[in-house]
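This is final15.txt. It holds compact mmCIF, C-alpha atoms.
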```txt
# COMPACT_ATOMS: atom_id res chain seq x y z
CA MET P 78 167.50 133.17 115.06
CA SER P 79 169.36 133.26 118.37
CA ASP P 80 170.55 130.96 121.15
CA ASP P 81 167.22 131.66 122.82
CA ASP P 82 165.42 130.36 119.73
CA ALA P 83 167.40 127.10 119.95
CA LEU P 84 166.47 126.84 123.63
CA TRP P 85 162.80 127.43 122.76
CA TRP P 86 162.88 124.69 120.14
CA ALA P 87 164.46 122.36 122.71
CA ARG P 88 161.75 123.24 125.24
CA LEU P 89 159.02 122.48 122.69
CA ARG P 90 160.62 119.14 121.85
CA SER P 91 161.05 118.30 125.51
CA GLY P 92 157.62 119.34 126.75
CA GLY P 93 155.49 119.27 123.61
CA PRO P 94 153.38 122.19 122.33
CA ARG P 95 153.05 124.97 124.92
CA PRO P 96 150.31 127.52 125.54
CA VAL P 97 151.61 131.07 126.08
CA SER P 98 149.89 134.42 126.45
CA PRO P 99 149.04 136.04 123.08
CA ASP P 100 151.55 138.86 123.56
CA SER P 101 154.47 136.55 124.44
CA ALA P 102 157.64 136.55 122.38
CA TYR P 103 158.05 133.42 120.29
CA PRO P 104 160.94 131.77 118.49
CA ALA P 105 161.58 131.69 114.76
CA GLY P 106 160.04 128.85 112.79
CA VAL P 107 157.20 127.91 115.12
CA ARG P 108 153.52 127.95 114.23
CA ARG P 109 151.31 130.11 116.48
CA LEU P 110 147.84 128.63 116.99
CA VAL P 111 145.41 131.05 118.63
CA GLU P 112 142.85 129.52 120.98
CA PRO P 113 139.22 130.17 119.90
CA ASP P 114 138.72 132.58 122.83
CA ALA P 115 142.03 134.31 121.96
CA GLY P 116 143.10 133.82 125.57
CA ALA P 117 146.25 131.85 124.72
CA VAL P 118 148.46 130.86 121.83
CA TRP P 119 149.95 127.41 121.29
CA LEU P 120 153.52 127.26 120.02
CA VAL P 121 154.19 124.25 117.80
CA PRO P 122 157.47 123.58 115.95
CA ASP P 123 156.95 123.83 112.20
CA LEU P 124 159.34 121.45 110.47
CA PRO P 125 159.93 121.74 106.73
CA ASP P 126 158.72 118.95 104.44
CA GLY P 127 161.39 116.28 104.33
CA ALA P 128 162.27 116.73 108.02
CA ARG P 129 158.97 115.54 109.46
CA PRO P 130 158.25 112.18 111.14
CA ASP P 131 156.53 110.83 108.00
CA VAL P 132 160.04 110.37 106.53
CA LEU P 133 160.47 107.40 108.89
CA ASP P 134 157.94 105.34 106.89
CA GLU P 135 159.92 105.89 103.68
CA LEU P 136 163.11 104.81 105.44
CA GLY P 137 161.54 101.84 107.23
CA LEU P 138 162.60 103.20 110.62
CA PRO P 139 160.51 102.79 113.80
CA GLY P 140 158.77 105.80 115.36
CA ALA P 141 158.05 106.44 119.02
CA HIS P 142 156.65 103.61 121.11
CA VAL P 143 152.88 103.92 121.66
CA ASP P 144 151.12 101.74 124.23
CA GLN P 145 148.00 100.03 122.85
CA ARG P 146 148.78 101.41 119.40
CA GLY P 147 145.57 100.15 117.72
CA ASP P 148 143.17 101.48 120.36
CA THR P 149 145.08 104.76 120.58
CA ALA P 150 144.72 105.29 116.83
CA ARG P 151 141.03 104.32 116.93
CA VAL P 152 140.33 106.77 119.77
CA LEU P 153 142.08 109.57 117.87
CA ALA P 154 139.93 108.69 114.84
CA ALA P 155 136.79 108.79 117.03
CA CYS P 156 137.80 112.21 118.38
CA LEU P 157 138.40 113.49 114.85
CA ARG P 158 134.93 112.26 113.85
CA CYS P 159 133.34 114.11 116.78
CA CYS P 160 135.47 117.28 117.00
CA TRP P 161 136.17 118.04 113.33
CA THR P 162 132.64 119.05 112.45
CA GLU P 163 133.52 120.71 109.12
CA PRO P 164 135.99 118.40 107.38
CA SER P 165 136.09 120.66 104.32
CA GLY P 166 137.76 123.26 106.56
CA PRO P 167 140.80 123.32 108.85
CA VAL P 168 141.12 120.53 111.40
CA TRP P 169 142.10 122.83 114.29
CA PRO P 170 140.65 124.06 116.62
CA GLY P 171 137.45 122.07 115.92
CA VAL P 172 134.87 121.85 118.69
CA GLY P 173 134.66 120.17 122.09
CA ALA P 174 132.91 116.77 122.25
CA GLN P 175 131.45 114.93 125.21
CA LEU P 176 133.43 111.83 126.14
CA ASP P 177 130.21 109.79 125.82
CA ASP P 178 129.91 110.82 122.15
CA VAL P 179 133.53 109.86 121.56
CA ALA P 180 132.79 106.52 123.26
CA THR P 181 129.92 105.92 120.82
CA ALA P 182 132.17 106.63 117.81
CA PHE P 183 134.94 104.46 119.30
CA ARG P 184 132.50 101.59 119.90
CA SER P 185 131.39 101.72 116.26
CA ILE P 186 134.91 100.96 115.01
CA THR P 187 135.93 98.53 117.76
CA ASP P 188 135.49 94.79 118.12
CA ASN P 189 132.92 93.46 120.57
CA ARG P 190 134.13 94.13 124.08
CA ASP P 191 132.21 94.59 127.28
CA GLU P 192 131.49 98.16 128.33
CA ARG P 193 134.02 98.16 131.14
CA ALA P 194 136.91 97.06 128.89
CA LEU P 195 135.83 99.53 126.21
CA HIS P 196 135.69 102.42 128.65
CA ALA P 197 139.08 101.54 130.15
CA ALA P 198 140.63 101.42 126.67
CA LEU P 199 138.99 104.74 125.74
CA LEU P 200 140.09 106.56 128.88
CA GLY P 201 143.63 105.19 128.71
CA ALA P 202 144.01 106.30 125.09
CA VAL P 203 142.46 109.74 125.68
CA ARG P 204 144.91 110.35 128.53
CA ARG P 205 147.86 109.16 126.43
CA LEU P 206 146.84 111.38 123.51
CA ALA P 207 146.25 114.36 125.82
CA GLY P 208 149.67 113.84 127.41
CA SER P 209 151.34 114.15 124.02
CA GLY P 210 149.38 117.13 122.68
CA TRP P 211 147.12 115.29 120.20
CA LEU P 212 144.05 115.97 122.37
CA ILE P 213 143.01 118.39 125.09
CA PHE P 214 141.00 116.62 127.77
CA ASP P 215 138.96 118.36 130.45
CA GLU P 216 138.58 115.44 132.83
CA ASP P 217 136.14 117.24 135.16
CA GLN P 218 133.77 118.25 132.35
CA ARG P 219 134.47 115.00 130.41
CA VAL P 220 135.01 117.06 127.27
CA VAL P 221 137.59 116.26 124.59
CA ARG P 222 139.07 118.67 122.02
CA LEU P 223 141.66 118.21 119.34
CA GLY P 224 145.13 119.21 120.46
CA PRO P 225 147.52 121.57 118.69
CA ARG P 226 149.56 118.78 117.10
CA VAL P 227 146.74 117.99 114.66
CA ALA P 228 147.22 121.43 113.09
CA MET P 229 150.59 120.23 111.74
CA TRP P 230 149.12 117.59 109.42
CA ASN P 231 149.89 118.56 105.84
CA ALA P 232 147.49 118.72 102.89
CA ALA P 233 148.09 115.12 101.78
CA GLU P 234 147.56 113.77 105.30
CA LEU P 235 144.37 115.83 105.71
CA SER P 236 143.08 114.49 102.40
CA SER P 237 143.47 110.88 103.67
CA LEU P 238 141.87 111.85 106.98
CA ARG P 239 138.86 113.39 105.20
CA GLU P 240 138.30 110.03 103.49
CA LEU P 241 138.56 108.27 106.84
CA TRP P 242 136.16 110.79 108.41
CA ARG P 243 133.54 110.16 105.74
CA SER P 244 133.83 106.39 106.12
CA MET P 245 133.23 106.45 109.87
CA PRO P 246 129.79 106.07 111.41
CA ARG P 247 128.84 108.68 113.98
CA MET H 1350 152.54 130.53 109.89
CA THR H 1351 155.34 133.00 109.33
CA ALA H 1352 155.82 134.52 105.89
CA SER H 1353 159.28 133.04 105.55
CA ILE H 1354 157.90 129.49 105.87
CA ASP H 1355 155.07 130.29 103.44
CA ASP H 1356 157.56 131.15 100.73
CA GLY H 1357 159.37 127.85 101.26
CA ARG H 1358 162.35 129.25 103.18
CA HIS H 1359 162.37 128.11 106.76
CA PRO H 1360 163.96 130.74 109.04
CA VAL H 1361 165.64 128.11 111.22
CA PHE H 1362 166.80 125.62 108.61
CA GLU H 1363 167.41 127.73 105.52
CA PRO H 1364 170.65 129.44 106.64
CA VAL H 1365 172.31 126.00 106.83
CA LEU H 1366 170.61 124.51 103.77
CA ALA H 1367 171.08 127.50 101.45
CA GLU H 1368 174.64 126.62 100.51
CA LEU H 1369 173.80 123.01 99.57
CA SER H 1370 172.77 121.55 96.23
CA GLU H 1371 169.19 120.29 95.94
CA ARG H 1372 170.34 116.69 96.38
CA HIS H 1373 172.52 117.35 99.41
CA ARG H 1374 169.79 119.47 100.92
CA ASP H 1375 167.34 116.54 100.70
CA GLU H 1376 169.92 114.15 102.13
CA VAL H 1377 170.64 116.40 105.12
CA LEU H 1378 166.93 116.95 105.83
CA THR H 1379 166.21 113.21 105.57
CA ALA H 1380 169.02 112.43 108.02
CA PHE H 1381 167.69 115.15 110.33
CA ALA H 1382 164.25 113.48 110.31
CA ALA H 1383 165.79 110.04 110.83
CA VAL H 1384 167.92 110.87 113.87
CA GLU H 1385 165.34 113.19 115.43
CA HIS H 1386 162.24 111.02 115.07
CA SER H 1387 163.45 107.42 114.91
CA ARG H 1388 163.03 105.47 118.13
CA ASP H 1389 166.39 103.75 117.64
CA PRO H 1390 169.81 104.92 116.46
CA VAL H 1391 170.18 104.97 112.66
CA PRO H 1392 172.93 102.97 110.87
CA GLU H 1393 175.20 105.36 108.97
CA ALA H 1394 175.26 102.93 106.05
CA GLN H 1395 171.60 103.81 105.45
CA LEU H 1396 171.99 107.57 104.86
CA ALA H 1397 174.52 109.59 102.89
CA ALA H 1398 174.40 112.54 105.31
CA LEU H 1399 175.46 110.24 108.16
CA ARG H 1400 178.28 108.58 106.14
CA ASP H 1401 179.80 111.67 104.57
CA ALA H 1402 181.80 113.89 106.96
CA THR H 1403 181.00 117.13 105.11
CA LEU H 1404 177.26 116.49 105.00
CA ARG H 1405 177.42 115.34 108.61
CA ARG H 1406 178.86 118.73 109.54
CA HIS H 1407 175.87 120.43 107.93
CA LEU H 1408 173.53 118.03 109.71
CA ARG H 1409 175.21 118.88 113.03
CA GLN H 1410 174.77 122.59 112.28
CA LEU H 1411 171.11 122.03 111.45
CA LEU H 1412 170.54 120.16 114.72
CA GLY H 1413 172.39 122.92 116.60
CA ARG H 1414 169.82 125.46 115.35
CA VAL H 1415 167.18 123.64 117.43
CA GLY H 1416 169.33 122.92 120.50
CA ARG H 1417 170.35 119.43 119.41
CA THR H 1418 173.51 117.63 118.37
CA LEU H 1419 174.59 114.36 116.74
CA VAL H 1420 175.43 111.52 119.10
CA PRO H 1421 177.47 108.54 117.83
CA VAL H 1422 176.32 105.09 118.95
CA ALA H 1423 178.38 101.89 118.86
CA GLY H 1424 178.28 99.91 115.64
CA GLY H 1425 178.41 102.83 113.19
CA GLN H 1426 175.06 104.31 114.21
CA TRP H 1427 173.89 107.84 114.99
CA THR H 1428 171.14 109.51 116.93
CA SER H 1429 170.52 113.03 118.23
CA GLY H 1430 170.32 114.57 121.70
CA TYR H 1431 170.24 117.93 123.44
CA THR H 1432 173.52 119.84 123.32
CA ASP H 1433 175.16 119.93 126.74
CA ASP H 1434 174.63 123.69 127.17
CA VAL H 1435 170.94 123.46 126.21
CA ALA H 1436 170.45 120.44 128.52
CA ALA H 1437 172.04 122.43 131.36
CA ARG H 1438 169.69 125.37 130.73
CA LEU H 1439 166.60 123.12 130.52
CA THR H 1440 167.63 121.45 133.77
CA ALA H 1441 168.37 124.74 135.52
CA ASP H 1442 164.92 126.02 134.52
CA GLY H 1443 163.26 122.82 135.83
CA TRP H 1444 161.77 122.38 132.36
CA ASN H 1445 159.57 119.31 132.00
CA ALA H 1446 161.40 117.40 134.73
CA LEU H 1447 160.19 113.84 135.28
CA PRO H 1448 158.03 113.34 138.39
CA GLY H 1449 160.05 112.12 141.40
CA ILE H 1450 158.52 108.63 141.29
CA ASP H 1451 159.46 108.23 137.60
CA ARG H 1452 163.03 109.26 138.31
CA ALA H 1453 163.23 106.82 141.22
CA VAL H 1454 161.93 103.93 139.11
CA LEU H 1455 164.28 104.81 136.23
CA VAL H 1456 167.26 104.89 138.60
CA LEU H 1457 166.32 101.45 139.96
CA VAL H 1458 166.14 100.03 136.42
CA LEU H 1459 169.52 101.60 135.61
CA ILE H 1460 171.07 100.16 138.79
CA HIS H 1461 169.71 96.64 138.16
CA SER H 1462 170.25 96.56 134.39
CA VAL H 1463 173.45 98.59 133.97
CA ALA H 1464 175.31 99.53 137.17
CA ILE H 1465 175.32 96.07 138.78
CA PRO H 1466 176.19 94.12 135.58
CA ARG H 1467 178.90 96.70 134.82
CA SER H 1468 180.41 96.35 138.31
CA GLN H 1469 180.46 92.58 137.77
CA GLY H 1470 182.30 92.99 134.48
CA LEU H 1471 179.30 91.71 132.48
CA LEU H 1472 178.80 95.01 130.65
CA GLY H 1473 181.46 97.15 129.02
CA GLY H 1474 181.56 100.69 127.64
CA ASP H 1475 179.85 103.75 129.03
CA SER H 1476 176.42 103.20 127.46
CA TRP H 1477 173.30 103.26 129.64
CA THR H 1478 171.59 100.60 127.57
CA SER H 1479 171.76 96.93 128.48
CA GLY H 1480 170.41 93.46 127.79
CA HIS H 1481 170.08 92.62 131.51
CA PRO H 1482 166.38 92.80 132.42
CA THR H 1483 164.97 94.22 135.65
CA SER H 1484 161.85 92.39 136.80
CA ALA H 1485 158.83 94.55 137.60
CA ASP H 1486 157.98 92.26 140.51
CA GLU H 1487 161.46 92.80 141.92
CA LEU H 1488 161.03 96.58 141.65
CA ILE H 1489 157.73 96.38 143.48
CA ARG H 1490 158.85 93.87 146.10
CA TYR H 1491 162.21 95.26 147.11
CA SER H 1492 162.02 98.99 146.54
CA GLN H 1493 160.69 101.38 149.17
CA LEU H 1494 158.54 103.16 146.62
CA PRO H 1495 154.71 103.28 146.90
CA ARG H 1496 153.60 100.01 145.26
CA GLY H 1497 150.60 101.38 143.37
CA GLU H 1498 152.68 104.10 141.73
CA ILE H 1499 155.41 101.93 140.21
CA ARG H 1500 153.44 100.44 137.28
CA PRO H 1501 151.99 103.83 136.18
CA ALA H 1502 155.53 105.27 136.38
CA LEU H 1503 156.83 102.41 134.21
CA GLY H 1504 154.07 103.22 131.69
CA ARG H 1505 155.15 106.86 131.51
CA LEU H 1506 158.83 105.89 131.23
CA ARG H 1507 157.96 103.48 128.40
CA ALA H 1508 156.08 106.25 126.56
CA ALA H 1509 159.17 108.46 126.89
CA GLY H 1510 161.45 105.68 125.58
CA LEU H 1511 163.40 105.68 128.85
CA VAL H 1512 162.54 102.05 129.60
CA GLN H 1513 161.32 99.27 127.32
CA ALA H 1514 159.76 95.87 127.88
CA ALA H 1515 162.39 93.12 127.82
CA PRO H 1516 161.74 90.50 125.13
CA SER H 1517 160.29 87.39 126.74
CA ARG H 1518 162.25 84.95 124.57
CA GLY H 1519 165.23 83.50 126.40
CA ARG H 1520 164.23 85.05 129.70
CA GLN H 1521 163.50 83.09 132.84
CA ALA H 1522 159.76 82.41 132.84
CA ASP H 1523 159.42 83.02 136.57
CA ILE H 1524 160.44 86.68 136.60
CA GLY H 1525 157.27 87.91 134.85
CA THR H 1526 157.23 91.29 133.10
CA ALA H 1527 160.70 92.77 132.93
CA TYR H 1528 162.19 96.01 131.71
CA LEU H 1529 165.39 97.23 130.09
CA PRO H 1530 166.72 100.79 129.78
CA GLY H 1531 164.99 102.37 126.79
CA PRO H 1532 166.33 103.59 123.45
CA ALA H 1533 166.09 107.26 124.51
CA LEU H 1534 169.19 106.69 126.68
CA HIS H 1535 171.22 106.42 123.46
CA ARG H 1536 170.51 110.14 123.08
CA LEU H 1537 172.71 111.10 126.03
CA THR H 1538 175.89 112.84 124.94
CA PRO H 1539 179.20 111.48 126.33
CA ALA H 1540 179.23 114.31 128.92
CA ALA H 1541 175.63 113.52 129.95
CA ARG H 1542 176.44 109.80 130.27
CA GLN H 1543 179.36 110.64 132.53
CA ARG H 1544 177.26 113.03 134.66
CA LEU H 1545 174.68 110.27 135.17
CA GLU H 1546 177.38 107.80 136.21
CA HIS H 1547 178.87 110.29 138.66
CA GLN H 1548 175.49 111.10 140.17
CA LEU H 1549 174.77 107.40 140.71
CA ILE H 1550 178.12 106.87 142.42
CA LEU H 1551 177.55 109.92 144.63
CA ALA H 1552 174.09 108.59 145.57
CA ALA H 1553 175.03 104.93 146.04
CA ALA H 1554 178.41 105.28 147.76
CA PRO H 1555 178.79 108.87 148.99
CA GLU H 1556 181.60 107.96 151.41
CA SER H 1557 183.67 106.04 148.85
CA PRO H 1558 187.05 107.30 147.59
CA LEU H 1559 185.54 107.36 144.07
CA ALA H 1560 182.77 109.71 145.25
CA ALA H 1561 185.37 111.94 146.94
CA ALA H 1562 187.35 112.08 143.69
CA ILE H 1563 184.22 113.00 141.71
CA ARG H 1564 183.35 115.75 144.21
CA ALA H 1565 186.89 117.09 144.02
CA ARG H 1566 186.76 117.21 140.20
CA GLN H 1567 183.31 118.77 139.99
CA VAL H 1568 183.16 122.46 139.23
CA VAL H 1569 179.52 123.34 139.79
CA PRO H 1570 178.32 126.77 138.68
CA PRO H 1571 176.44 128.43 141.55
CA ASP H 1572 173.15 128.59 139.59
CA MET H 1573 173.15 124.82 138.88
CA ASP H 1574 173.96 123.61 142.36
CA GLY H 1575 171.90 120.53 143.19
CA ASP H 1576 169.79 120.59 140.05
CA GLU H 1577 171.03 117.37 138.57
```

This structure in C-alpha cells:
Amino acid sequence: MSDDDALWWARLRSGGPRPVSPDSAYPAGVRRLVEPDAGAVWLVPDLPDGARPDVLDELGLPGAHVDQRGDTARVLAACLRCCWTEPSGPVWPGVGAQLDDVATAFRSITDNRDERALHAALLGAVRRLAGSGWLIFDEDQRVVRLGPRVAMWNAAELSSLRELWRSMPR
Amino acid sequence: MTASIDDGRHPVFEPVLAELSERHRDEVLTAFAAVEHSRDPVPEAQLAALRDATLRRHLRQLLGRVGRTLVPVAGGQWTSGYTDDVAARLTADGWNALPGIDRAVLVLVLIHSVAIPRSQGLLGGDSWTSGHPTSADELIRYSQLPRGEIRPALGRLRAAGLVQAAPSRGRQADIGTAYLPGPALHRLTPAARQRLEHQLILAAAPESPLAAAIRARQVVPPDMDGDE
C-alpha cells in the first residue's frame, strides 16, 4: 500500500471502473476482471463486507440519486435476463445482447406504453447505466453487455438476482 | 481477487482495523460506508464512530488509505471527500474532469444560488449549498451557452449530485423547474471551498481589489498553473 495506491483508489471512485492493459500495474485491494478476449483488464475497488453501499439500507440513509429510478432498475433487470445466460454461474462477463432483445424483455415487465415512450425510456436508462459502469453499450452495433460493477455483487445478492432472473419472461 | 482479500484480510483496510476490537471494527467500517456512499451528510448522533474522537481518528485513517478524508458539515454531521493533495493530483492529471458545458452550468447555478445571495447577506458561512433556487428557464434564457446543451448538462450534474431539483413546495409557480447546488458540494474540504470561492472572484471581478489580494496570496506550483 502506497500513496500511489490511494491515488488509484481515488481515480476509481472518481471515474468508475477503468479498463487497463493486462500487464499494467494495479493498486492493492482492487479486483481485476479480465475481458473475455484478454485484451484488457477492468479494475474495480473491492470493498470489504460492512463497508459496501448495502449498509445504507440498514442505516436508513439515502444512496446516490438515480434519474427514472424504476425504469433504470427494470432495464438493468432486462439486461441481466438477456446477458446472464447461465445464472448458475458467475454473472460477469456474460454475453452481448442485441438492444432489440433487451427491449423485448423490458416491455414484458413494463406497463403499457407506446413504442416511442418505451424506446426513449430504454435508451435513456441504458446510457445512464453505461455511464456508471453497470453496462457496456456499443451504440453503433446496438449491443449491450453487463458492466464490471455487476461482478461486485456478493453471494446473497446473486441469490436474490437468480430468483428474479427465473421469474422474468424472456 | 487477491489472496489477502480471500482470507478475509483486506490489504487496504486491515492495517487500520487490525488494532481494533471486533465491535469497534464494525463501527468504523459502518461509518466508512455511511460517509462514503450516503448521498447526504450523516448525523454524528447516528453512528458511534462519528461521535467518538478515537474511533473517528481510525475512520479518518481508513479514508486516507483510499485518498479520502472526513469533512465536517454544519449541524453535527459528517461526510467524506478527496484529501486536498489527492484532489490536486487528480486535477493536475485531468482525471475525469467535467465537460466544459457542465462546468459552465454548475458555475451559473453556484452564482445564482450561492454567490449572489451571499453577497446580499442572505446566506452565511462558507458552504456551497443553498436554499435559493436557480430557474432552468433563467439559465437557458440569459446565459450565452448553447440552449440545447443546458438540459443534458443539468441531467449529468444531477446524476453526479452536483445539482439537485429544488422542491416545488413554497416556490413561485411561474419559475418552472429550478435547481439548487447538490449534496456532493458538502464533500468539498475547507481548502477546496475556499479555492472555489477564489476562482469565482477571479473570474467574476478580475480587476477588483479582492481579486488582486487573492492573486498576491496565491502560491501556485508550476505544474498546477491554470488547472483549476

At a cut-off of 7 Å, list the chain H residues touching chain P, using all atoms listed in the file, as a ChimeraX atom specification.
/H:1350,1359-1361,1375,1378-1379,1381-1383,1386-1388,1414-1416,1435,1445,1508,1510

Restricting the calculation to all atoms listed in the file, which member of H:Thr1432, H:Thr1478, H:Leu1399, H:Arg1405 is positioned closest to Gly1531 in chain H?
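Checking each of H:Thr1432, H:Thr1478, H:Leu1399, H:Arg1405 against Gly1531 in chain H, counting all atoms listed in the file, the winner is H:Thr1478.
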
CA of Ala1541 in chain H to CA of Arg1406 in chain H, straight-line distance in Å:
21.3 Å

Excluding same-chain residues fewer than 6 positions from Gly147 in chain P, what lies within 12 Å of it counting all atoms listed in the file, as a list in words?
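The neighbour list is Leu153, Ala154, Phe183, Ile186, Thr187, Asp188, Ala198, Leu199 and Ala202 of chain P.
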
Using C-alpha atoms, can you export the residues from the last selection as a PDB file, keeping the file's coordinate frame?
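Result file is selection.pdb:
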```
ATOM      1  CA  LEU P 153     142.080 109.570 117.870  1.00  0.00           C
ATOM      2  CA  ALA P 154     139.930 108.690 114.840  1.00  0.00           C
ATOM      3  CA  PHE P 183     134.940 104.460 119.300  1.00  0.00           C
ATOM      4  CA  ILE P 186     134.910 100.960 115.010  1.00  0.00           C
ATOM      5  CA  THR P 187     135.930  98.530 117.760  1.00  0.00           C
ATOM      6  CA  ASP P 188     135.490  94.790 118.120  1.00  0.00           C
ATOM      7  CA  ALA P 198     140.630 101.420 126.670  1.00  0.00           C
ATOM      8  CA  LEU P 199     138.990 104.740 125.740  1.00  0.00           C
ATOM      9  CA  ALA P 202     144.010 106.300 125.090  1.00  0.00           C
TER      10      ALA P 202
END
```

Atom-to-atom span, CA of Ala1565 in chain H and CA of Val1454 in chain H, Å:
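We find that CA of Ala1565 in chain H and CA of Val1454 in chain H lie 28.6 Å from each other.
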
Pairwise distance, CA of Tyr1528 in chain H with CA of Arg146 in chain P, equals 19.0 Å

For Glu1498 in chain H, which of H:Ala1398, H:Gly1449, H:Ser1468, H:His1481 is the closest residue, counting only C-alpha atoms?
H:Gly1449

Shortest interatomic distance to Thr1526 in chain H - which of H:Ala1554, H:Pro1539, H:Pro1495, H:Glu1487, counting only C-alpha atoms
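Of the candidates, the smallest distance to Thr1526 in chain H is held by H:Glu1487.
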
5 Å per side around range 213-228 of chain P: axis-aligned box centre and edge lengths, as JSON:
```
{"center_x": 141.7, "center_y": 118.3, "center_z": 124.1, "size_x": 25.8, "size_y": 16.6, "size_z": 32.1}
```

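Considering all atoms listed in the file, the residue among P:Leu206, P:Ala180, P:Leu157, P:Ile213 positioned nearest to Glu240 in chain P is P:Leu157.
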
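For the residues P:Trp242, P:Ala228, P:Asp148, P:Arg95, ranking by smallest atom-to-atom distance to Ala194 in chain P using all atoms listed in the file places P:Asp148 first.
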
Show which residues sit within 12 Å of Ser98 in chain P, as a VMD selection string. Count all atoms listed in the file, and ignore same-chain residues fewer than 4 positions away.
chain P and resid 102 to 103 109 to 112 114 to 120

Among the residues P:Arg226, P:Arg190, P:Arg184, P:Arg219, the one that comes closest to Val203 in chain P [using all atoms listed in the file]:
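Smallest distance to Val203 in chain P is found for P:Arg219.
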